[in-house]
Amino acid sequence: MSIYPQLQFGWHSFKFSYDKEPDQTHLLLPFEVAKKLGSVEIGIEYGVDLQNAHKPRDFAGMTLAHEFKERFVVLGEVRETSDLTLRQLNWIVNGGFKIKINKTISILGSVGTAAKRADKDQPRLFSYFGIQFKF
């Protein structure tokens with residue numbers, strides 16, 4: 001089980017789109033439960049996304065991970081995001097990887113697509129790259 005608050009912010013110069021919307025800051029408050037079965041891990045997640053420019057949104061998802069050796073993990077995810085009334089329901093499918101550098105640092109990457117877009121501003125294709133620090 002984990003609770004891991006996340007602060008997300010962006011710089012407009014790094015965006016690869018032509019949207020005119022200002023940069024947004026998000027405070028994500030996720031709760032996750034995972035169970036490891038040998039080299040496979042199954043997880044579920046629920047949380048709230050507090051945004052500076054929009055109303056709060058919730059998200060929920062299920063993950064599946066397979067560990068190859070000790071340092072390389074392949075990940076898959078199905079996730080929904082919506083407003084708190086469930087009127088703006090969006091589904092995504094995502095696949096990625098995690099490379100463990102040491103006990104505290106990992107490199108993460110993924111690519112995904114929107115399977116259902118109620119919110120037409122949500123991109124159809126997206127990617128993610130990050131560094132994870134565990135304390």
# chains A, B, ... in the order shown; residues from 1 in each chain; ligands from 1
call {"tool": "residues_around", "arguments": {"residues": "Phe126 of chain A", "least_positions_apart": "3", "cutoff": "9 Å", "atoms": "only C-alpha atoms", "output": "list in words"}}
result
Asn94, Ser110, Val111, Gly112, Thr113, Ala114 and Pro123 of chain A
call {"tool": "write_last_selection", "arguments": {"atoms": "C-alpha atoms", "output": "JSON list (two decimals), in the first residue's frame"}}
result
[["chain", "number", "residue", "atom", "x", "y", "z"],
["A", 94, "ASN", "CA", -0.56, 2.79, -21.34],
["A", 110, "SER", "CA", 5.82, 5.09, -21.09],
["A", 111, "VAL", "CA", 3.64, 5.69, -24.11],
["A", 112, "GLY", "CA", -0.14, 5.49, -24.21],
["A", 113, "THR", "CA", -3.29, 6.30, -26.08],
["A", 114, "ALA", "CA", -6.76, 7.53, -25.20],
["A", 123, "PRO", "CA", -4.53, 14.13, -26.27]]
call {"tool": "closest_residue", "arguments": {"among": "A:Lys35, A:Lys100, A:Lys134, A:Arg79", "to": "Asp58 of chain A", "atoms": "only C-alpha atoms"}}
result
A:Arg79
call {"tool": "select_by_dssp", "arguments": {"residues": "chain A", "states": "strand (DSSP E or B)", "output": "ChimeraX atom specification"}}
result
/A:2-3,6-9,25-37,40-51,57-68,72-83,90-100,105-117,125-133
call {"tool": "residues_around", "arguments": {"residues": "Ile107 of chain A", "least_positions_apart": "3", "cutoff": "10 Å", "atoms": "only C-alpha atoms", "output": "PyMOL selection string"}}
result
chain A and resi 72+97-101+129-133
call {"tool": "closest_residue", "arguments": {"among": "A:Leu108, A:Met1, A:Ile92, A:Leu27", "to": "Ile44 of chain A", "atoms": "only C-alpha atoms"}}
result
A:Met1
call {"tool": "closest_residue", "arguments": {"among": "A:Gly47, A:Gly76, A:Gly61, A:Gly96", "to": "Ile3 of chain A", "atoms": "only C-alpha atoms"}}
result
A:Gly47
call {"tool": "residues_around", "arguments": {"residues": "Leu28 of chain A", "least_positions_apart": "4", "cutoff": "6 Å", "atoms": "only C-alpha atoms", "output": "list in words"}}
result
Pro5, Gln6, Val48 and Asp49 of chain A
call {"tool": "write_last_selection", "arguments": {"atoms": "all heavy atoms", "output": "PDB file, in the first residue's frame"}}
result
ATOM      1  N   PRO A   5       1.802  11.631  -2.588  1.00  0.00           N
ATOM      2  CA  PRO A   5       1.424  12.910  -3.201  1.00  0.00           C
ATOM      3  C   PRO A   5       2.454  13.327  -4.265  1.00  0.00           C
ATOM      4  O   PRO A   5       3.653  13.099  -4.104  1.00  0.00           O
ATOM      5  CB  PRO A   5       1.438  13.884  -2.033  1.00  0.00           C
ATOM      6  CG  PRO A   5       1.354  13.037  -0.813  1.00  0.00           C
ATOM      7  CD  PRO A   5       1.988  11.737  -1.156  1.00  0.00           C
ATOM      8  N   GLN A   6       1.955  13.899  -5.347  1.00  0.00           N
ATOM      9  CA  GLN A   6       2.827  14.320  -6.449  1.00  0.00           C
ATOM     10  C   GLN A   6       2.474  15.743  -6.857  1.00  0.00           C
ATOM     11  O   GLN A   6       1.302  16.073  -6.975  1.00  0.00           O
ATOM     12  CB  GLN A   6       2.634  13.413  -7.659  1.00  0.00           C
ATOM     13  CG  GLN A   6       2.909  11.972  -7.409  1.00  0.00           C
ATOM     14  CD  GLN A   6       2.462  11.126  -8.583  1.00  0.00           C
ATOM     15  OE1 GLN A   6       2.596  11.509  -9.743  1.00  0.00           O
ATOM     16  NE2 GLN A   6       1.909   9.962  -8.290  1.00  0.00           N
ATOM     17  N   VAL A  48      -7.199  11.715  -6.438  1.00  0.00           N
ATOM     18  CA  VAL A  48      -7.795  12.984  -6.836  1.00  0.00           C
ATOM     19  C   VAL A  48      -6.698  13.871  -7.408  1.00  0.00           C
ATOM     20  O   VAL A  48      -5.576  13.905  -6.896  1.00  0.00           O
ATOM     21  CB  VAL A  48      -8.477  13.677  -5.630  1.00  0.00           C
ATOM     22  CG1 VAL A  48      -9.026  15.028  -6.017  1.00  0.00           C
ATOM     23  CG2 VAL A  48      -9.576  12.805  -5.071  1.00  0.00           C
ATOM     24  N   ASP A  49      -7.032  14.583  -8.485  1.00  0.00           N
ATOM     25  CA  ASP A  49      -6.124  15.522  -9.146  1.00  0.00           C
ATOM     26  C   ASP A  49      -6.664  16.928  -8.897  1.00  0.00           C
ATOM     27  O   ASP A  49      -7.701  17.304  -9.437  1.00  0.00           O
ATOM     28  CB  ASP A  49      -6.077  15.203 -10.639  1.00  0.00           C
ATOM     29  CG  ASP A  49      -5.194  16.149 -11.434  1.00  0.00           C
ATOM     30  OD1 ASP A  49      -4.566  17.049 -10.845  1.00  0.00           O
ATOM     31  OD2 ASP A  49      -5.129  15.976 -12.665  1.00  0.00           O
TER      32      ASP A  49
END
call {"tool": "closest_residue", "arguments": {"among": "A:Lys36, A:Arg124, A:Arg57, A:Lys103", "to": "Glu80 of chain A", "atoms": "only C-alpha atoms"}}
result
A:Arg57
call {"tool": "atom_distance", "arguments": {"atom1": "atom CA of Lys55 of chain A", "atom2": "atom CA of Phe31 of chain A"}}
result
19.8 Å
call {"tool": "closest_residue", "arguments": {"among": "A:Ser39, A:Ser127, A:Gln24, A:Gln8", "to": "Glu70 of chain A", "atoms": "only C-alpha atoms"}}
result
A:Ser39
call {"tool": "atom_distance", "arguments": {"atom1": "atom CA of Gln51 of chain A", "atom2": "atom CA of Leu29 of chain A"}}
result
11.3 Å
